[in-house]
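These notes concern the structure reproduced below.
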2 protein chains.
Amino acid sequence: MILAVCLNPAIDLTYEIARMVPGSSHPVRSVLTRAGGKAVNTARVLAQLGDDVTLCGFAGGDRGKRLRSALPDSGVLDAFTEIAGQTRQSVAVFDSDQVTVFNEPGPSIDAVEWAALSAAFEEHLRDAAAVVMSGSVPPGTPPDAYARLVRIAHQHGVPTVVDASRTQLANALPAGPTVTAPNREELADALNLPVARYDDLVAATTELSRRTGGVAVVSAGTDGIVAVTEDRRWIARPPRVLSGNPTGAGDALTAGLVRGLASHADWPLVLADALALAVSAVASPVAGEIDAGIYAELRALAVIEEI
Amino acid sequence: MILAVCLNPAIDLTYEIARMVPGSSHPVRSVLTRAGGKAVNTARVLAQLGDDVTLCGFAGGDRGKRLRSALPDSGVLDAFTEIAGQTRQSVAVFDSDQVTVFNEPGPSIDAVEWAALSAAFEEHLRDAAAVVMSGSVPPGTPPDAYARLVRIAHQHGVPTVVDASRTQLANALPAGPTVTAPNREELADALNLPVARYDDLVAATTELSRRTGGVAVVSAGTDGIVAVTEDRRWIARPPRVLSGNPTGAGDALTAGLVRGLASHADWPLVLADALALAVSAVASPVAGEIDAGIYAELRALAVIEEI
């Protein structure tokens, strides 16, 4: 079983409108509602691949109920911690040529709720082959929440993938996640290093690996994925570039990384799988879903090169 | 008791952000949640004035539950009809200098749900001194929904205020609401007449009264309120112009009109009350609430002039 941690899940609403005019009123043509949050998207990809996933995190209020009822019917075990606050909502407004997003901050978490989450996490660790934790955290969560969870996982000998940003990412580094997988901007922000040029990105990813003592994996956009272990470095490239919806590509990437850890696969194979998942997520119109045909094709054709 | 009909109520969310940039992601700084929809706002104003209100309409899903739990604690009797669909949501995004609104269309209503609403409406009519019905209708509602409700009210001898738009307003006119109170744009749209100039607005309001055989009341913005009965015409003017939040001013205006009908007051007094409510709603930052001090002052100082 893979344990996924989504501390700040959301009800993701997608609104379709004709044209965005700031300062005016817009009738919404269609509304799509789904369970969201980065680790929820990752759990959905894992379930689609047939992996068993247990999902931990905070959920509360009527939106929390809706979130839990909107999880995939099979493959995802609901292990959310019930909280007093209301689960947040995100609104993505699509007009003809752009998407404008509004992200609520999330409910306030108190110390009792954090303790309950930590206990649930530790309980489910006993059956976990690997852990993925990703995304923002709600107000009131300890600033070293991910670091604490990584240390608990270490105590149980369970490997971890962390995809976080800002304070949570900075605090998690000394705890030594098995794999750290921020995006390019989060990497630059955490290390205060340049990442715009490819060489700079490779250097920053190497520094990230040095800081954690583990593996660092960062997407270089259409260039592919850079991965650095203690003694080796790879670039994983797709055989062709696909256009589509990049939302959720990072969550499919972490799905590939955590299932690689769970299965003890060699890094070149893990990277081919993670790259294929990320690219096939771009080809799917919905975050947290992959195009199965493209996934099968790319997994075989991904180019993994040592650098 | 005043019976208020809100067929398409909403959970109104107010998001505060730093600056709206279409095509980008925005962290939401603060979220305000309240029960909304035009007749819900009107009911809230009436409750604030000490009137007893019964609220009919469609409500469903977890948002419907939240809506019903967010009604005023006293003065408003919940007579909503439970439906299978989910109550809609509206999102108003405030940045430093503008508000951008997204209105969901509402749940689908079927024939059984419409019949249940009609029955609930007729049941509560027995105790009603007057009825106010206002706002949009959800998909699946009969295109002559307001006309049907007005006819039922006529059969029971209960006077009606209708604030509607487009097809619903056009279809309601032959049913003869006691008072028809669209806004300026809705009036122009329903009659296909010019309304931009004050004289045109008075002529169009007069035509609206002729079509319904009842009273027509239309806001002329900062000029005041134009009212036309079978044989008289008035302009009601505030002693001074207030700036503020115009959202909900129309709903406070209809609150004044329906409580005037319920108390059989003379038209000049009703117009003074309605004008004072509309202007004091502009002075309140929240739709559906009035500034009580300004209301008391303006009610005494409103200028009602026959034209």
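Convention: chains lettered A, B, ... in structure tokens order; per-chain residue numbering from 1; ligands numbered from 1 as shown.
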
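Any residue of chain A with an atom within 6 Å of chain B counts; using only C-alpha atoms, that gives Pro22, Gly23, Ser24, Ser25, His26, Pro27, Val28, Asp62, Gln98, Val99, Thr100, Val101, Phe102, Asn103 and Glu104 of chain A.
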
Inset, instruction - List every residue of range 9-122 of chain B that DSSP, applied to the backbone, labels as strand (DSSP E or B), and write the result as a VMD selection string. - result: chain B and resid 10 to 16 25 to 27 30 to 36 53 to 60 76 to 83 88 to 95 98 to 103

Legend entry - Arg184 in chain B environment, 12 Å, only C-alpha atoms, sequence neighbours closer than 5 positions dropped, as a ChimeraX atom specification: /B:163-165,189-198,200-202,204-205,208,216-221,224-226,250

I'd like the contact shell of Pro238 in chain B - 12 Å cut-off, only C-alpha atoms, skipping same-chain residues fewer than 3 positions apart - returned as a PDB file with all heavy atoms, in the first residue's frame.
```pdb
ATOM      1  N   SER B 219     -36.064  51.875 -10.142  1.00  0.00           N
ATOM      2  CA  SER B 219     -35.052  52.799  -9.646  1.00  0.00           C
ATOM      3  C   SER B 219     -34.444  53.579 -10.809  1.00  0.00           C
ATOM      4  O   SER B 219     -34.120  53.012 -11.849  1.00  0.00           O
ATOM      5  CB  SER B 219     -33.948  52.021  -8.924  1.00  0.00           C
ATOM      6  OG  SER B 219     -32.855  52.897  -8.680  1.00  0.00           O
ATOM      7  N   ALA B 220     -34.306  54.884 -10.608  1.00  0.00           N
ATOM      8  CA  ALA B 220     -33.649  55.737 -11.592  1.00  0.00           C
ATOM      9  C   ALA B 220     -32.244  56.077 -11.115  1.00  0.00           C
ATOM     10  O   ALA B 220     -31.701  57.121 -11.453  1.00  0.00           O
ATOM     11  CB  ALA B 220     -34.474  56.998 -11.813  1.00  0.00           C
ATOM     12  N   GLY B 221     -31.638  55.198 -10.310  1.00  0.00           N
ATOM     13  CA  GLY B 221     -30.277  55.424  -9.820  1.00  0.00           C
ATOM     14  C   GLY B 221     -30.240  56.595  -8.862  1.00  0.00           C
ATOM     15  O   GLY B 221     -31.098  56.706  -7.978  1.00  0.00           O
ATOM     16  N   THR B 222     -29.282  57.485  -9.046  1.00  0.00           N
ATOM     17  CA  THR B 222     -29.151  58.605  -8.115  1.00  0.00           C
ATOM     18  C   THR B 222     -30.306  59.601  -8.238  1.00  0.00           C
ATOM     19  O   THR B 222     -30.498  60.441  -7.363  1.00  0.00           O
ATOM     20  CB  THR B 222     -27.818  59.346  -8.329  1.00  0.00           C
ATOM     21  OG1 THR B 222     -27.707  59.669  -9.708  1.00  0.00           O
ATOM     22  CG2 THR B 222     -26.638  58.478  -7.920  1.00  0.00           C
ATOM     23  N   ASP B 223     -31.132  59.515  -9.323  1.00  0.00           N
ATOM     24  CA  ASP B 223     -32.309  60.380  -9.452  1.00  0.00           C
ATOM     25  C   ASP B 223     -33.406  59.992  -8.471  1.00  0.00           C
ATOM     26  O   ASP B 223     -34.312  60.784  -8.214  1.00  0.00           O
ATOM     27  CB  ASP B 223     -32.877  60.300 -10.875  1.00  0.00           C
ATOM     28  CG  ASP B 223     -32.038  61.100 -11.866  1.00  0.00           C
ATOM     29  OD1 ASP B 223     -31.283  61.985 -11.418  1.00  0.00           O
ATOM     30  OD2 ASP B 223     -32.130  60.825 -13.069  1.00  0.00           O
ATOM     31  N   GLY B 224     -33.376  58.746  -7.985  1.00  0.00           N
ATOM     32  CA  GLY B 224     -34.425  58.311  -7.059  1.00  0.00           C
ATOM     33  C   GLY B 224     -35.183  57.121  -7.614  1.00  0.00           C
ATOM     34  O   GLY B 224     -34.641  56.320  -8.366  1.00  0.00           O
ATOM     35  N   ILE B 225     -36.464  57.032  -7.230  1.00  0.00           N
ATOM     36  CA  ILE B 225     -37.305  55.905  -7.628  1.00  0.00           C
ATOM     37  C   ILE B 225     -38.556  56.437  -8.303  1.00  0.00           C
ATOM     38  O   ILE B 225     -39.230  57.321  -7.777  1.00  0.00           O
ATOM     39  CB  ILE B 225     -37.711  55.081  -6.384  1.00  0.00           C
ATOM     40  CG1 ILE B 225     -36.474  54.424  -5.768  1.00  0.00           C
ATOM     41  CG2 ILE B 225     -38.745  54.023  -6.744  1.00  0.00           C
ATOM     42  CD1 ILE B 225     -36.746  53.880  -4.380  1.00  0.00           C
ATOM     43  N   ILE B 235     -42.034  60.573  -8.181  1.00  0.00           N
ATOM     44  CA  ILE B 235     -40.599  60.339  -8.072  1.00  0.00           C
ATOM     45  C   ILE B 235     -40.249  60.503  -6.591  1.00  0.00           C
ATOM     46  O   ILE B 235     -40.671  61.467  -5.945  1.00  0.00           O
ATOM     47  CB  ILE B 235     -39.749  61.279  -8.969  1.00  0.00           C
ATOM     48  CG1 ILE B 235     -38.256  61.114  -8.721  1.00  0.00           C
ATOM     49  CG2 ILE B 235     -40.108  62.749  -8.739  1.00  0.00           C
ATOM     50  CD1 ILE B 235     -37.595  60.135  -9.614  1.00  0.00           C
ATOM     51  N   VAL B 241     -27.250  62.065  -1.676  1.00  0.00           N
ATOM     52  CA  VAL B 241     -26.806  60.860  -2.367  1.00  0.00           C
ATOM     53  C   VAL B 241     -25.694  60.198  -1.553  1.00  0.00           C
ATOM     54  O   VAL B 241     -24.771  60.862  -1.092  1.00  0.00           O
ATOM     55  CB  VAL B 241     -26.300  61.202  -3.794  1.00  0.00           C
ATOM     56  CG1 VAL B 241     -25.688  59.971  -4.454  1.00  0.00           C
ATOM     57  CG2 VAL B 241     -27.449  61.741  -4.634  1.00  0.00           C
ATOM     58  N   LEU B 242     -25.820  58.876  -1.333  1.00  0.00           N
ATOM     59  CA  LEU B 242     -24.799  58.150  -0.584  1.00  0.00           C
ATOM     60  C   LEU B 242     -24.023  57.238  -1.531  1.00  0.00           C
ATOM     61  O   LEU B 242     -24.597  56.638  -2.430  1.00  0.00           O
ATOM     62  CB  LEU B 242     -25.450  57.287   0.496  1.00  0.00           C
ATOM     63  CG  LEU B 242     -26.040  58.038   1.676  1.00  0.00           C
ATOM     64  CD1 LEU B 242     -26.684  57.065   2.646  1.00  0.00           C
ATOM     65  CD2 LEU B 242     -24.966  58.855   2.386  1.00  0.00           C
ATOM     66  N   LEU B 271     -43.317  54.548  -0.629  1.00  0.00           N
ATOM     67  CA  LEU B 271     -42.144  54.932  -1.431  1.00  0.00           C
ATOM     68  C   LEU B 271     -41.056  55.539  -0.561  1.00  0.00           C
ATOM     69  O   LEU B 271     -39.865  55.292  -0.779  1.00  0.00           O
ATOM     70  CB  LEU B 271     -42.554  55.898  -2.536  1.00  0.00           C
ATOM     71  CG  LEU B 271     -43.474  55.294  -3.609  1.00  0.00           C
ATOM     72  CD1 LEU B 271     -43.903  56.373  -4.601  1.00  0.00           C
ATOM     73  CD2 LEU B 271     -42.797  54.133  -4.320  1.00  0.00           C
ATOM     74  N   ALA B 272     -41.444  56.316   0.427  1.00  0.00           N
ATOM     75  CA  ALA B 272     -40.444  56.895   1.342  1.00  0.00           C
ATOM     76  C   ALA B 272     -39.711  55.783   2.080  1.00  0.00           C
ATOM     77  O   ALA B 272     -38.483  55.807   2.230  1.00  0.00           O
ATOM     78  CB  ALA B 272     -41.127  57.840   2.334  1.00  0.00           C
ATOM     79  N   ASP B 273     -40.482  54.778   2.523  1.00  0.00           N
ATOM     80  CA  ASP B 273     -39.889  53.651   3.245  1.00  0.00           C
ATOM     81  C   ASP B 273     -38.956  52.859   2.312  1.00  0.00           C
ATOM     82  O   ASP B 273     -37.818  52.521   2.678  1.00  0.00           O
ATOM     83  CB  ASP B 273     -41.020  52.748   3.758  1.00  0.00           C
ATOM     84  CG  ASP B 273     -40.542  51.760   4.812  1.00  0.00           C
ATOM     85  OD1 ASP B 273     -39.786  52.170   5.714  1.00  0.00           O
ATOM     86  OD2 ASP B 273     -40.914  50.575   4.728  1.00  0.00           O
ATOM     87  N   ALA B 274     -39.439  52.549   1.106  1.00  0.00           N
ATOM     88  CA  ALA B 274     -38.657  51.743   0.163  1.00  0.00           C
ATOM     89  C   ALA B 274     -37.379  52.471  -0.246  1.00  0.00           C
ATOM     90  O   ALA B 274     -36.294  51.877  -0.329  1.00  0.00           O
ATOM     91  CB  ALA B 274     -39.497  51.408  -1.072  1.00  0.00           C
ATOM     92  N   LEU B 275     -37.499  53.784  -0.504  1.00  0.00           N
ATOM     93  CA  LEU B 275     -36.327  54.567  -0.877  1.00  0.00           C
ATOM     94  C   LEU B 275     -35.307  54.585   0.263  1.00  0.00           C
ATOM     95  O   LEU B 275     -34.104  54.389   0.043  1.00  0.00           O
ATOM     96  CB  LEU B 275     -36.746  56.002  -1.204  1.00  0.00           C
ATOM     97  CG  LEU B 275     -35.586  56.945  -1.535  1.00  0.00           C
ATOM     98  CD1 LEU B 275     -35.077  56.674  -2.940  1.00  0.00           C
ATOM     99  CD2 LEU B 275     -36.012  58.401  -1.399  1.00  0.00           C
ATOM    100  N   ALA B 276     -35.795  54.792   1.492  1.00  0.00           N
ATOM    101  CA  ALA B 276     -34.893  54.846   2.643  1.00  0.00           C
ATOM    102  C   ALA B 276     -34.179  53.498   2.830  1.00  0.00           C
ATOM    103  O   ALA B 276     -32.990  53.457   3.150  1.00  0.00           O
ATOM    104  CB  ALA B 276     -35.670  55.216   3.900  1.00  0.00           C
ATOM    105  N   LEU B 277     -34.908  52.409   2.615  1.00  0.00           N
ATOM    106  CA  LEU B 277     -34.285  51.092   2.735  1.00  0.00           C
ATOM    107  C   LEU B 277     -33.224  50.886   1.653  1.00  0.00           C
ATOM    108  O   LEU B 277     -32.129  50.384   1.927  1.00  0.00           O
ATOM    109  CB  LEU B 277     -35.351  49.985   2.648  1.00  0.00           C
ATOM    110  CG  LEU B 277     -36.230  49.834   3.890  1.00  0.00           C
ATOM    111  CD1 LEU B 277     -37.376  48.864   3.618  1.00  0.00           C
ATOM    112  CD2 LEU B 277     -35.387  49.361   5.079  1.00  0.00           C
ATOM    113  N   ALA B 278     -33.553  51.260   0.415  1.00  0.00           N
ATOM    114  CA  ALA B 278     -32.600  51.067  -0.686  1.00  0.00           C
ATOM    115  C   ALA B 278     -31.321  51.861  -0.428  1.00  0.00           C
ATOM    116  O   ALA B 278     -30.208  51.339  -0.587  1.00  0.00           O
ATOM    117  CB  ALA B 278     -33.230  51.491  -2.015  1.00  0.00           C
ATOM    118  N   VAL B 279     -31.474  53.122  -0.007  1.00  0.00           N
ATOM    119  CA  VAL B 279     -30.295  53.962   0.205  1.00  0.00           C
ATOM    120  C   VAL B 279     -29.503  53.487   1.420  1.00  0.00           C
ATOM    121  O   VAL B 279     -28.268  53.467   1.410  1.00  0.00           O
ATOM    122  CB  VAL B 279     -30.691  55.454   0.347  1.00  0.00           C
ATOM    123  CG1 VAL B 279     -29.464  56.299   0.633  1.00  0.00           C
ATOM    124  CG2 VAL B 279     -31.375  55.937  -0.930  1.00  0.00           C
ATOM    125  N   SER B 280     -30.203  53.028   2.460  1.00  0.00           N
ATOM    126  CA  SER B 280     -29.472  52.565   3.648  1.00  0.00           C
ATOM    127  C   SER B 280     -28.817  51.207   3.402  1.00  0.00           C
ATOM    128  O   SER B 280     -27.881  50.825   4.118  1.00  0.00           O
ATOM    129  CB  SER B 280     -30.390  52.519   4.878  1.00  0.00           C
ATOM    130  OG  SER B 280     -31.468  51.647   4.658  1.00  0.00           O
ATOM    131  N   ILE B 294     -29.156  55.430   9.136  1.00  0.00           N
ATOM    132  CA  ILE B 294     -29.442  56.122   7.871  1.00  0.00           C
ATOM    133  C   ILE B 294     -30.884  55.868   7.445  1.00  0.00           C
ATOM    134  O   ILE B 294     -31.576  56.756   6.941  1.00  0.00           O
ATOM    135  CB  ILE B 294     -28.418  55.677   6.799  1.00  0.00           C
ATOM    136  CG1 ILE B 294     -27.043  56.252   7.163  1.00  0.00           C
ATOM    137  CG2 ILE B 294     -28.836  56.117   5.409  1.00  0.00           C
ATOM    138  CD1 ILE B 294     -25.932  55.821   6.254  1.00  0.00           C
ATOM    139  N   TYR B 295     -31.366  54.642   7.671  1.00  0.00           N
ATOM    140  CA  TYR B 295     -32.753  54.327   7.334  1.00  0.00           C
ATOM    141  C   TYR B 295     -33.722  55.243   8.072  1.00  0.00           C
ATOM    142  O   TYR B 295     -34.626  55.844   7.465  1.00  0.00           O
ATOM    143  CB  TYR B 295     -33.036  52.849   7.645  1.00  0.00           C
ATOM    144  CG  TYR B 295     -34.486  52.466   7.611  1.00  0.00           C
ATOM    145  CD1 TYR B 295     -35.245  52.652   6.445  1.00  0.00           C
ATOM    146  CD2 TYR B 295     -35.113  51.921   8.723  1.00  0.00           C
ATOM    147  CE1 TYR B 295     -36.577  52.300   6.411  1.00  0.00           C
ATOM    148  CE2 TYR B 295     -36.452  51.564   8.694  1.00  0.00           C
ATOM    149  CZ  TYR B 295     -37.184  51.762   7.536  1.00  0.00           C
ATOM    150  OH  TYR B 295     -38.506  51.417   7.508  1.00  0.00           O
ATOM    151  N   GLU B 297     -33.194  58.147   9.402  1.00  0.00           N
ATOM    152  CA  GLU B 297     -33.041  59.540   8.965  1.00  0.00           C
ATOM    153  C   GLU B 297     -33.718  59.769   7.609  1.00  0.00           C
ATOM    154  O   GLU B 297     -34.505  60.696   7.429  1.00  0.00           O
ATOM    155  CB  GLU B 297     -31.541  59.869   8.866  1.00  0.00           C
ATOM    156  CG  GLU B 297     -31.258  61.256   8.313  1.00  0.00           C
ATOM    157  CD  GLU B 297     -29.843  61.381   7.733  1.00  0.00           C
ATOM    158  OE1 GLU B 297     -28.989  60.532   8.067  1.00  0.00           O
ATOM    159  OE2 GLU B 297     -29.628  62.308   6.933  1.00  0.00           O
ATOM    160  N   LEU B 298     -33.425  58.874   6.644  1.00  0.00           N
ATOM    161  CA  LEU B 298     -33.907  59.087   5.277  1.00  0.00           C
ATOM    162  C   LEU B 298     -35.412  58.897   5.154  1.00  0.00           C
ATOM    163  O   LEU B 298     -36.060  59.532   4.321  1.00  0.00           O
ATOM    164  CB  LEU B 298     -33.199  58.133   4.313  1.00  0.00           C
ATOM    165  CG  LEU B 298     -31.707  58.377   4.118  1.00  0.00           C
ATOM    166  CD1 LEU B 298     -31.197  57.480   3.005  1.00  0.00           C
ATOM    167  CD2 LEU B 298     -31.441  59.844   3.784  1.00  0.00           C
ATOM    168  N   ARG B 299     -35.952  58.009   5.983  1.00  0.00           N
ATOM    169  CA  ARG B 299     -37.382  57.760   5.927  1.00  0.00           C
ATOM    170  C   ARG B 299     -38.158  59.043   6.235  1.00  0.00           C
ATOM    171  O   ARG B 299     -39.200  59.308   5.651  1.00  0.00           O
ATOM    172  CB  ARG B 299     -37.701  56.687   6.976  1.00  0.00           C
ATOM    173  CG  ARG B 299     -39.006  56.007   6.738  1.00  0.00           C
ATOM    174  CD  ARG B 299     -39.154  54.927   7.782  1.00  0.00           C
ATOM    175  NE  ARG B 299     -40.411  54.242   7.601  1.00  0.00           N
ATOM    176  CZ  ARG B 299     -41.117  53.745   8.591  1.00  0.00           C
ATOM    177  NH1 ARG B 299     -40.680  53.860   9.832  1.00  0.00           N
ATOM    178  NH2 ARG B 299     -42.255  53.133   8.354  1.00  0.00           N
ATOM    179  N   ALA B 300     -37.594  59.833   7.135  1.00  0.00           N
ATOM    180  CA  ALA B 300     -38.253  61.087   7.503  1.00  0.00           C
ATOM    181  C   ALA B 300     -38.008  62.183   6.464  1.00  0.00           C
ATOM    182  O   ALA B 300     -38.833  63.075   6.289  1.00  0.00           O
ATOM    183  CB  ALA B 300     -37.756  61.541   8.873  1.00  0.00           C
ATOM    184  N   LEU B 301     -36.853  62.090   5.774  1.00  0.00           N
ATOM    185  CA  LEU B 301     -36.454  63.209   4.911  1.00  0.00           C
ATOM    186  C   LEU B 301     -36.647  62.958   3.421  1.00  0.00           C
ATOM    187  O   LEU B 301     -36.362  63.834   2.603  1.00  0.00           O
ATOM    188  CB  LEU B 301     -34.977  63.549   5.161  1.00  0.00           C
ATOM    189  CG  LEU B 301     -34.631  64.030   6.575  1.00  0.00           C
ATOM    190  CD1 LEU B 301     -33.145  64.311   6.685  1.00  0.00           C
ATOM    191  CD2 LEU B 301     -35.444  65.290   6.916  1.00  0.00           C
ATOM    192  N   ALA B 302     -37.127  61.746   3.037  1.00  0.00           N
ATOM    193  CA  ALA B 302     -37.307  61.452   1.616  1.00  0.00           C
ATOM    194  C   ALA B 302     -38.292  62.449   0.994  1.00  0.00           C
ATOM    195  O   ALA B 302     -39.271  62.846   1.632  1.00  0.00           O
ATOM    196  CB  ALA B 302     -37.815  60.018   1.435  1.00  0.00           C
ATOM    197  N   VAL B 303     -38.015  62.841  -0.229  1.00  0.00           N
ATOM    198  CA  VAL B 303     -38.861  63.799  -0.935  1.00  0.00           C
ATOM    199  C   VAL B 303     -39.724  63.037  -1.946  1.00  0.00           C
ATOM    200  O   VAL B 303     -39.194  62.429  -2.878  1.00  0.00           O
ATOM    201  CB  VAL B 303     -37.992  64.842  -1.677  1.00  0.00           C
ATOM    202  CG1 VAL B 303     -38.878  65.841  -2.422  1.00  0.00           C
ATOM    203  CG2 VAL B 303     -37.061  65.541  -0.704  1.00  0.00           C
ATOM    204  N   ILE B 304     -41.052  63.038  -1.731  1.00  0.00           N
ATOM    205  CA  ILE B 304     -41.950  62.314  -2.631  1.00  0.00           C
ATOM    206  C   ILE B 304     -42.743  63.346  -3.434  1.00  0.00           C
ATOM    207  O   ILE B 304     -43.504  64.130  -2.860  1.00  0.00           O
ATOM    208  CB  ILE B 304     -42.933  61.405  -1.850  1.00  0.00           C
ATOM    209  CG1 ILE B 304     -42.202  60.613  -0.767  1.00  0.00           C
ATOM    210  CG2 ILE B 304     -43.701  60.507  -2.817  1.00  0.00           C
ATOM    211  CD1 ILE B 304     -41.157  59.667  -1.268  1.00  0.00           C
ATOM    212  N   GLU B 305     -42.566  63.334  -4.737  1.00  0.00           N
ATOM    213  CA  GLU B 305     -43.119  64.390  -5.570  1.00  0.00           C
ATOM    214  C   GLU B 305     -44.007  63.761  -6.644  1.00  0.00           C
ATOM    215  O   GLU B 305     -43.580  62.804  -7.308  1.00  0.00           O
ATOM    216  CB  GLU B 305     -41.926  65.092  -6.228  1.00  0.00           C
ATOM    217  CG  GLU B 305     -42.216  66.432  -6.837  1.00  0.00           C
ATOM    218  CD  GLU B 305     -40.908  66.973  -7.443  1.00  0.00           C
ATOM    219  OE1 GLU B 305     -39.841  66.858  -6.790  1.00  0.00           O
ATOM    220  OE2 GLU B 305     -40.970  67.467  -8.577  1.00  0.00           O
TER     221      GLU B 305
END
```

Legend entry - Distance of CA of Asn8 in chain B from CA of Leu67 in chain A, expressed in Å to one decimal place: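 Taking CA of Leu67 in chain A and CA of Asn8 in chain B, their separation equals 24.0 Å.
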
Legend entry - Which of range 178-281 of chain A fall in helix (DSSP H, G or I), as a VMD selection string: chain A and resid 184 to 191 198 to 212 221 to 223 249 to 263 267 to 281

Which residues are close to Ala39 in chain B, i.e. within 7 Å by only C-alpha atoms, leaving aside same-chain residues fewer than 6 positions away? Reply as a PDB file with N, CA, C and O atoms, in the first residue's frame.
```
ATOM      1  N   ALA B   4     -41.727  35.280   1.179  1.00  0.00           N
ATOM      2  CA  ALA B   4     -40.677  35.608   0.198  1.00  0.00           C
ATOM      3  C   ALA B   4     -40.341  34.349  -0.593  1.00  0.00           C
ATOM      4  O   ALA B   4     -40.185  33.277  -0.017  1.00  0.00           O
ATOM      5  N   VAL B   5     -40.241  34.489  -1.909  1.00  0.00           N
ATOM      6  CA  VAL B   5     -39.967  33.342  -2.779  1.00  0.00           C
ATOM      7  C   VAL B   5     -38.603  33.532  -3.442  1.00  0.00           C
ATOM      8  O   VAL B   5     -38.405  34.480  -4.208  1.00  0.00           O
ATOM      9  N   CYS B   6     -37.682  32.613  -3.113  1.00  0.00           N
ATOM     10  CA  CYS B   6     -36.340  32.657  -3.727  1.00  0.00           C
ATOM     11  C   CYS B   6     -36.110  31.306  -4.400  1.00  0.00           C
ATOM     12  O   CYS B   6     -35.689  30.343  -3.758  1.00  0.00           O
ATOM     13  N   MET B 133     -41.492  37.979  -4.744  1.00  0.00           N
ATOM     14  CA  MET B 133     -40.749  36.931  -5.455  1.00  0.00           C
ATOM     15  C   MET B 133     -39.742  37.615  -6.360  1.00  0.00           C
ATOM     16  O   MET B 133     -40.075  38.563  -7.073  1.00  0.00           O
ATOM     17  N   SER B 134     -38.489  37.169  -6.295  1.00  0.00           N
ATOM     18  CA  SER B 134     -37.473  37.916  -7.030  1.00  0.00           C
ATOM     19  C   SER B 134     -36.272  37.057  -7.377  1.00  0.00           C
ATOM     20  O   SER B 134     -36.011  36.041  -6.739  1.00  0.00           O
ATOM     21  N   GLY B 135     -35.597  37.463  -8.423  1.00  0.00           N
ATOM     22  CA  GLY B 135     -34.337  36.840  -8.807  1.00  0.00           C
ATOM     23  C   GLY B 135     -34.474  35.821  -9.912  1.00  0.00           C
ATOM     24  O   GLY B 135     -35.564  35.586 -10.444  1.00  0.00           O
ATOM     25  N   ASP B 251     -32.902  44.758  -3.541  1.00  0.00           N
ATOM     26  CA  ASP B 251     -33.564  43.796  -2.657  1.00  0.00           C
ATOM     27  C   ASP B 251     -34.133  44.495  -1.423  1.00  0.00           C
ATOM     28  O   ASP B 251     -35.170  44.080  -0.890  1.00  0.00           O
TER      29      ASP B 251
END
```

Legend entry - Between CA of Ala43 in chain A and CA of Ile2 in chain A - distance in Å to one decimal: 8.7 Å

Inset, instruction - May I have the residues within 8 Å of Val150 in chain B as a PyMOL selection string, using only C-alpha atoms and disregarding those fewer than 2 positions away in the same chain? - result: chain B and resi 146-148+152-154+160+172+175-177

Legend entry - Straight-line distance linking CA of Leu117 in chain B with CA of Pro9 in chain B, stated in Å to one decimal: 13.6 Å

Inset, instruction - Find, counting only C-alpha atoms, the residue in B:Val282, B:Cys56, B:Ile11, B:Val131 that gets nearest to Arg259 in chain B. - result: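 For Arg259 in chain B, the nearest of the given residues is B:Val131.
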
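Comparing the minimum interatomic distances between Ile290 in chain A and each of A:Thr178, A:Trp267, A:Thr254, A:Ala249, counting only C-alpha atoms, we find that A:Ala249 sits nearest.
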